[in-house]
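Next up, start.cif (mmCIF, C-alpha atoms):
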data_my_file
#
loop_
_atom_site.label_atom_id
_atom_site.label_comp_id
_atom_site.auth_asym_id
_atom_site.auth_seq_id
_atom_site.Cartn_x
_atom_site.Cartn_y
_atom_site.Cartn_z
CA MET A 1 -3.15 16.28 30.17
CA ASN A 2 -1.78 13.61 32.49
CA GLU A 3 -3.80 10.69 31.16
CA VAL A 4 -5.20 9.99 27.69
CA LYS A 5 -8.51 8.10 27.61
CA ILE A 6 -8.82 5.88 24.56
CA GLY A 7 -11.83 4.18 23.03
CA PHE A 8 -11.40 1.30 20.58
CA ILE A 9 -13.69 0.49 17.69
CA GLY A 10 -12.47 -2.95 16.68
CA CYS A 11 -11.30 -6.03 18.57
CA GLY A 12 -9.93 -8.03 15.66
CA SER A 13 -6.73 -10.05 15.46
CA PHE A 14 -4.57 -7.21 14.14
CA ALA A 15 -5.63 -4.73 16.82
CA ASN A 16 -5.00 -7.40 19.45
CA ARG A 17 -1.60 -8.21 18.01
CA VAL A 18 -0.16 -4.69 17.93
CA HIS A 19 -2.27 -1.81 19.28
CA TYR A 20 -3.80 -3.20 22.46
CA PRO A 21 -0.46 -4.55 23.77
CA SER A 22 1.28 -1.28 22.85
CA LEU A 23 -1.18 1.06 24.55
CA THR A 24 -1.61 -1.06 27.67
CA LYS A 25 2.16 -0.72 28.29
CA MET A 26 1.84 3.07 28.59
CA ASP A 27 1.31 4.45 32.10
CA ASP A 28 -0.36 7.61 30.79
CA VAL A 29 -2.97 5.79 28.66
CA VAL A 30 -6.23 4.22 29.75
CA ILE A 31 -8.32 2.13 27.34
CA ALA A 32 -11.61 3.30 28.79
CA ALA A 33 -14.01 1.44 26.48
CA ILE A 34 -14.04 -0.89 23.49
CA CYS A 35 -16.57 -1.79 20.83
CA ASP A 36 -17.03 -4.65 18.38
CA LEU A 37 -20.00 -6.26 16.63
CA ASN A 38 -18.60 -9.71 17.44
CA GLN A 39 -19.47 -10.50 21.06
CA GLU A 40 -16.91 -13.28 21.39
CA ARG A 41 -14.03 -11.06 20.23
CA LEU A 42 -15.31 -8.19 22.35
CA GLN A 43 -15.46 -10.16 25.59
CA LYS A 44 -12.18 -11.96 24.95
CA THR A 45 -10.38 -8.66 24.40
CA ALA A 46 -12.02 -7.06 27.43
CA ALA A 47 -10.98 -9.94 29.66
CA LYS A 48 -7.42 -10.02 28.36
CA TYR A 49 -6.80 -6.31 28.93
CA ARG A 50 -9.16 -5.85 31.92
CA ILE A 51 -11.43 -3.34 30.18
CA CYS A 52 -14.74 -2.86 31.99
CA GLN A 53 -16.85 -0.93 29.50
CA THR A 54 -17.80 -2.85 26.35
CA PHE A 55 -20.23 -1.97 23.56
CA THR A 56 -21.56 -3.42 20.32
CA ASP A 57 -22.68 0.01 19.05
CA TYR A 58 -19.88 2.54 18.77
CA ARG A 59 -22.35 5.45 18.95
CA GLU A 60 -23.49 4.28 22.35
CA MET A 61 -19.86 4.10 23.47
CA LEU A 62 -19.18 7.65 22.30
CA ASN A 63 -22.37 8.94 23.91
CA ARG A 64 -21.74 7.33 27.28
CA VAL A 65 -17.95 7.42 27.77
CA GLU A 66 -15.79 10.53 27.92
CA LEU A 67 -12.83 9.97 25.58
CA ASP A 68 -9.82 11.90 24.32
CA ALA A 69 -9.21 9.76 21.23
CA VAL A 70 -10.59 6.82 19.31
CA TYR A 71 -8.73 4.01 17.55
CA ILE A 72 -10.82 2.86 14.58
CA ILE A 73 -9.38 -0.46 13.43
CA MET A 74 -11.61 -1.89 10.70
CA PRO A 75 -11.55 -2.70 6.97
CA PRO A 76 -10.87 0.41 4.88
CA HIS A 77 -14.13 0.25 2.92
CA HIS A 78 -16.06 0.51 6.22
CA LEU A 79 -13.94 3.31 7.61
CA PHE A 80 -15.20 6.62 6.25
CA ASP A 81 -18.58 7.10 7.95
CA VAL A 82 -17.35 6.03 11.38
CA THR A 83 -14.25 8.22 11.13
CA VAL A 84 -16.22 11.29 10.07
CA ASP A 85 -18.70 10.74 12.91
CA CYS A 86 -15.85 10.67 15.43
CA LEU A 87 -14.23 13.77 13.93
CA ASN A 88 -17.48 15.68 14.03
CA ARG A 89 -17.66 14.82 17.73
CA LYS A 90 -14.23 16.53 17.96
CA LEU A 91 -12.41 13.35 18.93
CA ASN A 92 -8.80 12.67 17.98
CA VAL A 93 -8.62 9.66 15.65
CA PHE A 94 -6.09 6.94 14.81
CA ILE A 95 -6.79 4.66 11.83
CA GLU A 96 -4.80 1.97 10.08
CA LYS A 97 -3.69 2.16 6.49
CA PRO A 98 -5.06 2.71 3.96
CA PRO A 99 -6.87 5.90 4.98
CA GLY A 100 -10.03 5.02 3.07
CA ILE A 101 -10.16 3.60 -0.42
CA THR A 102 -9.64 6.77 -2.47
CA ARG A 103 -7.63 9.97 -2.31
CA TRP A 104 -10.94 11.86 -2.23
CA GLN A 105 -12.02 10.08 0.96
CA THR A 106 -8.68 10.87 2.58
CA GLU A 107 -8.90 14.54 1.56
CA SER A 108 -12.42 14.77 2.96
CA MET A 109 -11.36 13.27 6.29
CA ALA A 110 -8.38 15.63 6.43
CA ARG A 111 -10.61 18.68 5.86
CA ILE A 112 -13.12 17.58 8.47
CA ALA A 113 -10.35 16.89 10.99
CA GLU A 114 -8.82 20.33 10.46
CA ARG A 115 -12.20 22.03 10.72
CA ASN A 116 -12.86 20.31 14.06
CA GLY A 117 -9.35 20.77 15.45
CA CYS A 118 -8.70 17.02 15.73
CA LYS A 119 -5.34 15.26 15.90
CA THR A 120 -5.31 12.39 13.39
CA MET A 121 -2.89 9.65 12.46
CA VAL A 122 -2.62 6.86 9.87
CA GLY A 123 -0.70 3.72 10.83
CA PHE A 124 2.17 3.82 8.35
CA ASN A 125 4.32 1.89 10.79
CA ARG A 126 7.37 1.46 8.52
CA ARG A 127 8.32 5.06 9.31
CA PHE A 128 8.48 4.18 13.00
CA ILE A 129 10.46 0.92 12.87
CA PRO A 130 13.54 1.56 15.06
CA LEU A 131 15.85 -0.22 12.62
CA MET A 132 14.60 1.89 9.68
CA LYS A 133 15.06 5.11 11.65
CA LYS A 134 18.54 4.12 12.80
CA VAL A 135 19.76 3.36 9.27
CA ARG A 136 18.22 6.51 7.79
CA SER A 137 19.96 8.59 10.43
CA MET A 138 23.31 6.97 9.59
CA ILE A 139 22.81 7.48 5.86
CA GLU A 140 21.74 11.12 6.12
CA GLU A 141 24.69 12.00 8.35
CA ARG A 142 26.83 11.69 5.21
CA SER A 143 24.71 13.60 2.70
CA PRO A 144 21.16 13.93 1.42
CA MET A 145 19.86 10.60 0.15
CA THR A 146 20.75 10.04 -3.49
CA LEU A 147 18.88 6.77 -4.08
CA CYS A 148 16.33 4.73 -2.18
CA VAL A 149 14.46 1.53 -2.98
CA ALA A 150 11.29 0.08 -1.46
CA THR A 151 10.63 -3.57 -2.32
CA PHE A 152 7.50 -5.52 -1.40
CA TYR A 153 6.85 -8.97 -2.88
CA LYS A 154 4.20 -11.57 -2.11
CA ASN A 155 2.83 -14.71 -3.72
CA THR A 156 -0.97 -14.73 -4.01
CA ILE A 157 -1.19 -16.58 -7.31
CA GLY A 158 -4.56 -18.28 -7.53
CA ALA A 159 -6.40 -15.82 -5.30
CA THR A 160 -9.64 -14.81 -6.97
CA GLU A 161 -9.85 -11.29 -5.48
CA HIS A 162 -7.94 -8.80 -3.29
CA TYR A 163 -8.53 -7.32 -0.72
CA TYR A 164 -11.73 -7.90 1.31
CA GLY A 165 -13.32 -9.84 -1.51
CA GLY A 166 -12.23 -7.30 -4.10
CA ALA A 167 -13.27 -4.12 -2.26
CA VAL A 168 -9.77 -2.61 -2.32
CA ASP A 169 -6.90 -3.02 -4.78
CA ILE A 170 -3.47 -4.36 -3.83
CA LEU A 171 -1.53 -1.13 -4.24
CA THR A 172 -3.93 0.97 -2.18
CA CYS A 173 -4.57 -1.59 0.53
CA ASP A 174 -1.21 -3.24 1.23
CA ALA A 175 1.62 -2.26 -1.13
CA ILE A 176 0.91 1.31 -0.01
CA HIS A 177 3.35 0.55 2.83
CA ALA A 178 6.17 0.55 0.27
CA VAL A 179 4.80 3.68 -1.42
CA ASP A 180 4.69 5.60 1.85
CA ALA A 181 8.14 4.35 2.88
CA LEU A 182 9.53 5.66 -0.41
CA ARG A 183 8.14 9.12 0.40
CA TRP A 184 9.54 8.90 3.93
CA MET A 185 13.01 8.03 2.63
CA GLY A 186 13.25 10.35 -0.37
CA GLY A 187 10.73 13.13 0.12
CA GLU A 188 8.04 14.41 -2.22
CA VAL A 189 7.99 13.12 -5.79
CA LYS A 190 8.53 15.52 -8.69
CA ASN A 191 8.48 13.13 -11.67
CA LEU A 192 7.33 9.54 -11.97
CA SER A 193 7.11 6.75 -14.52
CA SER A 194 5.51 3.41 -13.74
CA THR A 195 4.58 0.00 -15.07
CA VAL A 196 1.37 -1.61 -13.82
CA GLN A 197 0.60 -5.20 -14.80
CA LYS A 198 -1.74 -8.15 -14.30
CA LEU A 199 0.57 -11.14 -13.79
CA TYR A 200 -1.20 -14.52 -13.92
CA SER A 201 -4.26 -12.69 -12.66
CA ASN A 202 -7.34 -10.79 -13.81
CA TYR A 203 -6.52 -7.83 -11.56
CA TYR A 204 -3.45 -5.60 -11.19
CA ASN A 205 -0.86 -7.17 -8.92
CA SER A 206 2.50 -5.74 -10.06
CA PHE A 207 3.54 -2.11 -9.65
CA VAL A 208 6.99 -0.80 -10.56
CA ALA A 209 7.85 2.90 -10.47
CA LEU A 210 10.89 5.12 -11.00
CA THR A 211 10.66 8.47 -9.25
CA LYS A 212 12.61 11.70 -9.17
CA PHE A 213 12.29 13.47 -5.83
CA GLU A 214 12.09 17.23 -5.38
CA SER A 215 15.38 16.91 -3.47
CA GLY A 216 17.11 15.63 -6.63
CA GLY A 217 17.38 12.03 -5.44
CA THR A 218 15.96 8.96 -7.16
CA GLY A 219 13.50 6.40 -5.85
CA VAL A 220 12.55 2.93 -7.03
CA LEU A 221 9.37 1.08 -6.11
CA LEU A 222 9.28 -2.69 -6.71
CA THR A 223 6.05 -4.49 -5.80
CA ASN A 224 4.79 -7.78 -7.20
CA TRP A 225 2.14 -10.10 -5.72
CA ALA A 226 3.08 -12.94 -8.13
CA ALA A 227 6.62 -13.41 -6.79
CA GLY A 228 8.22 -16.37 -5.01
CA LYS A 229 7.37 -15.39 -1.42
CA ARG A 230 6.91 -12.43 0.89
CA VAL A 231 9.99 -10.20 0.76
CA HIS A 232 9.87 -6.68 2.17
CA THR A 233 13.18 -4.81 2.02
CA PHE A 234 14.58 -1.31 1.64
CA GLU A 235 17.75 0.36 0.39
CA MET A 236 19.12 3.79 1.30
CA HIS A 237 22.15 5.32 -0.40
CA ALA A 238 24.07 8.57 0.12
CA LYS A 239 27.65 9.74 -0.47
CA GLY A 240 29.96 6.78 0.24
CA ILE A 241 27.40 4.86 2.31
CA SER A 242 24.64 2.32 1.68
CA GLY A 243 22.11 0.64 3.92
CA PHE A 244 20.25 -2.58 3.12
CA ILE A 245 17.33 -3.26 5.43
CA ASP A 246 15.16 -6.30 6.01
CA SER A 247 12.97 -4.84 8.74
CA ASP A 248 11.88 -8.31 9.90
CA ARG A 249 15.47 -9.40 10.60
CA GLN A 250 18.42 -7.05 10.23
CA ALA A 251 20.17 -4.24 8.37
CA VAL A 252 23.68 -4.05 6.93
CA VAL A 253 25.38 -0.69 6.40
CA TYR A 254 28.46 -0.41 4.16
CA ALA A 255 30.66 2.70 4.06
CA ASP A 256 33.81 3.84 2.22
CA ASN A 257 34.50 0.54 0.43
CA SER A 258 34.80 -1.38 3.69
CA PRO A 259 34.32 -5.09 2.90
CA GLU A 260 32.70 -5.65 6.30
CA GLY A 261 29.43 -3.92 6.91
CA GLU A 262 27.92 -2.98 10.25
CA VAL A 263 25.08 -5.35 11.09
CA PHE A 264 22.12 -4.37 13.26
CA SER A 265 19.27 -6.70 14.16
CA THR A 266 15.69 -5.53 14.45
CA SER A 267 15.51 -6.48 18.12
CA GLU A 268 18.82 -4.76 18.93
CA ALA A 269 17.70 -1.51 17.32
CA ALA A 270 14.39 -1.62 19.20
CA GLY A 271 15.75 -2.93 22.49
CA SER A 272 13.05 -5.61 22.40
CA ASP A 273 12.22 -8.91 20.73
CA GLU A 274 8.45 -8.28 20.92
CA PHE A 275 6.88 -7.96 17.48
CA HIS A 276 4.76 -4.91 18.22
CA VAL A 277 7.86 -3.08 19.47
CA TYR A 278 10.50 -3.95 16.87
CA SER A 279 7.97 -3.52 14.03
CA GLY A 280 7.28 0.08 15.02
CA TYR A 281 3.70 -0.25 16.23
CA TYR A 282 4.51 0.72 19.81
CA GLN A 283 6.48 3.72 18.55
CA GLU A 284 3.70 4.96 16.27
CA ASP A 285 1.16 4.63 19.09
CA ARG A 286 3.49 6.46 21.46
CA HIS A 287 3.88 9.22 18.86
CA PHE A 288 0.10 9.63 18.57
CA ILE A 289 -0.35 9.84 22.34
CA ASP A 290 2.50 12.33 22.71
CA CYS A 291 1.04 14.54 19.98
CA ILE A 292 -2.32 14.61 21.76
CA LYS A 293 -0.66 15.55 25.05
CA GLN A 294 1.62 18.16 23.48
CA ASP A 295 -1.02 19.56 21.10
CA THR A 296 1.12 18.90 18.02
CA LEU A 297 0.31 17.36 14.64
CA PRO A 298 1.28 13.68 14.21
CA GLU A 299 3.77 12.92 11.44
CA THR A 300 1.34 10.75 9.48
CA HIS A 301 -1.76 12.91 9.96
CA PHE A 302 -4.59 12.68 7.43
CA GLY A 303 -3.26 15.65 5.46
CA ASP A 304 0.11 13.94 5.01
CA ALA A 305 -1.62 10.67 4.10
CA VAL A 306 -3.30 12.49 1.21
CA LYS A 307 0.15 12.82 -0.38
CA THR A 308 0.73 9.07 -0.20
CA MET A 309 -2.71 8.41 -1.70
CA GLU A 310 -1.93 10.91 -4.47
CA LEU A 311 1.27 8.98 -5.21
CA VAL A 312 -0.76 5.76 -5.46
CA GLU A 313 -2.99 7.49 -8.02
CA ARG A 314 0.01 8.70 -10.00
CA ILE A 315 1.46 5.18 -10.16
CA TYR A 316 -1.75 4.05 -11.84
CA GLN A 317 -1.91 7.08 -14.16
CA GLU A 318 1.68 7.77 -15.25
CA VAL A 319 2.26 4.41 -16.91
CA LEU A 320 5.01 3.86 -19.48
#
Render the structure in this file as structure tokens.
Amino acid sequence: MNEVKIGFIGCGSFANRVHYPSLTKMDDVVIAAICDLNQERLQKTAAKYRICQTFTDYREMLNRVELDAVYIIMPPHHLFDVTVDCLNRKLNVFIEKPPGITRWQTESMARIAERNGCKTMVGFNRRFIPLMKKVRSMIEERSPMTLCVATFYKNTIGATEHYYGGAVDILTCDAIHAVDALRWMGGEVKNLSSTVQKLYSNYYNSFVALTKFESGGTGVLLTNWAAGKRVHTFEMHAKGISGFIDSDRQAVVYADNSPEGEVFSTSEAAGSDEFHVYSGYYQEDRHFIDCIKQDTLPETHFGDAVKTMELVERIYQEVL
């Protein structure tokens, strides 16, 4: 396959910020058609990226345009039926996180994808951030990871509901980024204890977990939507080496008691100061396209995403 023909279902602000600019940079990708219910967004996106075929009904798009894969970028509680329809048409599918609103939905989509021989991918972009990958490589050169920490704080005090008017909870919808990153750093979880709280709110907005990985290492999840501001950081530790990562700015790696750490900026690690590149969105899109061309399974396929959704469930269930 020399060229991958993509169809887009969704022309919202997020898709326009990260996925459209990423895919249009790739010489072996053509965005053949796009669809959105909002005519203004649809036409604005089509004009910006010079896309000729536009639709307001995704079924019409799929019936009329020959495609290799579909990006379905929409709220998670609207995702399931459209995704299953595309899979049953034997189309490869990329979706954003979360992969539905329950583990059961994710499992169902994974089964249907496997039955139809489809390549699938969930946009857990933290795994693809160049700075994160660089630091993990440095850490694991020393020894298997002994301790890792995923921290995600926000301040939404006063908000009446989250997310999408209360359709999806905080941990499943957004803090799942930290949950998935913990799995990516430490591996599969053997044992877990958690604390889930409602802080100044009538819904759960704080999730803290201590995990023991099958590898023998330890993981810590710290998420709290009643904190001072948005802070999203990571720690990775192995024998004689530690990495502290703020993926929006920089990482510092300390080794062997050296008082001066090595500092790497996000843009330096990515070789770009464009957000969609240094934040890993370009890299995850490139990975999906390469997997389609090489007939291999993407790293964050629906079956793998089931494991992250299972971990979300366990955080709710295995409470101290």
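Residues lying within 7 Å of region 252-256 of chain A, counting all atoms listed in the file and ignoring same-chain neighbours fewer than 3 positions away, are Gly240, Ile241, Ser242, Gly243, Phe244, Ile245, Gly261, Glu262, Val263 and Phe264 of chain A.
CA of Val208 (chain A) is positioned 4.9 Å from CA of Leu222 (chain A).
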List as a compact mmCIF listing (two decimals) with C-alpha atoms, keeping the file's coordinate frame the protein and nucleic acid residues near Tyr153 (chain A), meaning an atom at most 6 Å away when all atoms listed in the file are counted, but skip any in the same chain fewer than 3 places from it.
# COMPACT_ATOMS: atom_id res chain seq x y z
CA THR A 223 6.05 -4.49 -5.80
CA ASN A 224 4.79 -7.78 -7.20
CA TRP A 225 2.14 -10.10 -5.72
CA ALA A 227 6.62 -13.41 -6.79
CA ARG A 230 6.91 -12.43 0.89
CA VAL A 231 9.99 -10.20 0.76
Could you expand the PyMOL selection byres ((chain A and resi 15-30) around 8) into the explicit residues it covers here, written as a PDB file with C-alpha atoms, in the frame of the given file?
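What ended up in out_1.pdb:
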ATOM      1  CA  ASN A   2      -1.780  13.610  32.490  1.00  0.00           C
ATOM      2  CA  GLU A   3      -3.800  10.690  31.160  1.00  0.00           C
ATOM      3  CA  VAL A   4      -5.200   9.990  27.690  1.00  0.00           C
ATOM      4  CA  LYS A   5      -8.510   8.100  27.610  1.00  0.00           C
ATOM      5  CA  ILE A   6      -8.820   5.880  24.560  1.00  0.00           C
ATOM      6  CA  GLY A  10     -12.470  -2.950  16.680  1.00  0.00           C
ATOM      7  CA  CYS A  11     -11.300  -6.030  18.570  1.00  0.00           C
ATOM      8  CA  GLY A  12      -9.930  -8.030  15.660  1.00  0.00           C
ATOM      9  CA  SER A  13      -6.730 -10.050  15.460  1.00  0.00           C
ATOM     10  CA  PHE A  14      -4.570  -7.210  14.140  1.00  0.00           C
ATOM     11  CA  ILE A  31      -8.320   2.130  27.340  1.00  0.00           C
ATOM     12  CA  ALA A  32     -11.610   3.300  28.790  1.00  0.00           C
ATOM     13  CA  THR A  45     -10.380  -8.660  24.400  1.00  0.00           C
ATOM     14  CA  TYR A  49      -6.800  -6.310  28.930  1.00  0.00           C
ATOM     15  CA  ILE A  73      -9.380  -0.460  13.430  1.00  0.00           C
ATOM     16  CA  PHE A 275       6.880  -7.960  17.480  1.00  0.00           C
ATOM     17  CA  HIS A 276       4.760  -4.910  18.220  1.00  0.00           C
ATOM     18  CA  VAL A 277       7.860  -3.080  19.470  1.00  0.00           C
ATOM     19  CA  TYR A 281       3.700  -0.250  16.230  1.00  0.00           C
ATOM     20  CA  TYR A 282       4.510   0.720  19.810  1.00  0.00           C
ATOM     21  CA  ASP A 285       1.160   4.630  19.090  1.00  0.00           C
ATOM     22  CA  ARG A 286       3.490   6.460  21.460  1.00  0.00           C
ATOM     23  CA  ILE A 289      -0.350   9.840  22.340  1.00  0.00           C
TER      24      ILE A 289
END
I'd like the interatomic distance between CA of Thr106 (chain A) and CA of Phe128 (chain A), to a tenth of an Å.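 These atoms are spaced 21.2 Å apart.
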Could you please fill out region 217-237 of chain A with N, CA and C atoms and send it back as an mmCIF file, in the frame of the given file?
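Once everything was written out, this is selection-v7.cif:
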data_model
loop_
_atom_site.group_PDB
_atom_site.id
_atom_site.type_symbol
_atom_site.label_atom_id
_atom_site.label_comp_id
_atom_site.auth_asym_id
_atom_site.auth_seq_id
_atom_site.Cartn_x
_atom_site.Cartn_y
_atom_site.Cartn_z
ATOM 1 N N GLY A 217 17.095 13.451 -5.539
ATOM 2 C CA GLY A 217 17.380 12.030 -5.440
ATOM 3 C C GLY A 217 16.435 11.196 -6.289
ATOM 4 N N THR A 218 16.732 9.905 -6.361
ATOM 5 C CA THR A 218 15.960 8.960 -7.160
ATOM 6 C C THR A 218 15.362 7.892 -6.260
ATOM 7 N N GLY A 219 14.148 7.472 -6.592
ATOM 8 C CA GLY A 219 13.500 6.400 -5.850
ATOM 9 C C GLY A 219 13.010 5.307 -6.773
ATOM 10 N N VAL A 220 13.025 4.076 -6.265
ATOM 11 C CA VAL A 220 12.550 2.930 -7.030
ATOM 12 C C VAL A 220 11.552 2.157 -6.175
ATOM 13 N N LEU A 221 10.383 1.898 -6.750
ATOM 14 C CA LEU A 221 9.370 1.080 -6.110
ATOM 15 C C LEU A 221 9.261 -0.240 -6.851
ATOM 16 N N LEU A 222 9.385 -1.353 -6.125
ATOM 17 C CA LEU A 222 9.280 -2.690 -6.710
ATOM 18 C C LEU A 222 8.259 -3.485 -5.918
ATOM 19 N N THR A 223 7.065 -3.685 -6.473
ATOM 20 C CA THR A 223 6.050 -4.490 -5.800
ATOM 21 C C THR A 223 5.469 -5.483 -6.789
ATOM 22 N N ASN A 224 5.234 -6.701 -6.310
ATOM 23 C CA ASN A 224 4.790 -7.780 -7.200
ATOM 24 C C ASN A 224 4.155 -8.868 -6.323
ATOM 25 N N TRP A 225 2.859 -9.103 -6.515
ATOM 26 C CA TRP A 225 2.140 -10.100 -5.720
ATOM 27 C C TRP A 225 2.107 -11.462 -6.432
ATOM 28 N N ALA A 226 2.967 -11.640 -7.450
ATOM 29 C CA ALA A 226 3.080 -12.940 -8.130
ATOM 30 C C ALA A 226 4.524 -13.422 -8.060
ATOM 31 N N ALA A 227 5.204 -13.064 -6.970
ATOM 32 C CA ALA A 227 6.620 -13.410 -6.790
ATOM 33 C C ALA A 227 6.746 -14.739 -6.039
ATOM 34 N N GLY A 228 7.967 -15.072 -5.639
ATOM 35 C CA GLY A 228 8.220 -16.370 -5.010
ATOM 36 C C GLY A 228 7.717 -16.484 -3.597
ATOM 37 N N LYS A 229 7.811 -15.384 -2.811
ATOM 38 C CA LYS A 229 7.370 -15.390 -1.420
ATOM 39 C C LYS A 229 7.321 -13.954 -0.924
ATOM 40 N N ARG A 230 6.922 -13.761 0.316
ATOM 41 C CA ARG A 230 6.910 -12.430 0.890
ATOM 42 C C ARG A 230 8.339 -11.966 1.154
ATOM 43 N N VAL A 231 8.704 -10.862 0.536
ATOM 44 C CA VAL A 231 9.990 -10.200 0.760
ATOM 45 C C VAL A 231 9.706 -8.715 0.864
ATOM 46 N N HIS A 232 10.146 -8.108 1.940
ATOM 47 C CA HIS A 232 9.870 -6.680 2.170
ATOM 48 C C HIS A 232 11.173 -6.035 2.638
ATOM 49 N N THR A 233 11.867 -5.361 1.716
ATOM 50 C CA THR A 233 13.180 -4.810 2.020
ATOM 51 C C THR A 233 13.297 -3.375 1.518
ATOM 52 N N PHE A 234 14.358 -2.704 1.986
ATOM 53 C CA PHE A 234 14.580 -1.310 1.640
ATOM 54 C C PHE A 234 16.074 -1.071 1.421
ATOM 55 N N GLU A 235 16.376 -0.090 0.570
ATOM 56 C CA GLU A 235 17.750 0.360 0.390
ATOM 57 C C GLU A 235 17.799 1.874 0.543
ATOM 58 N N MET A 236 18.878 2.359 1.174
ATOM 59 C CA MET A 236 19.120 3.790 1.300
ATOM 60 C C MET A 236 20.581 4.053 0.954
ATOM 61 N N HIS A 237 20.806 5.020 0.054
ATOM 62 C CA HIS A 237 22.150 5.320 -0.400
ATOM 63 C C HIS A 237 22.417 6.825 -0.323
#
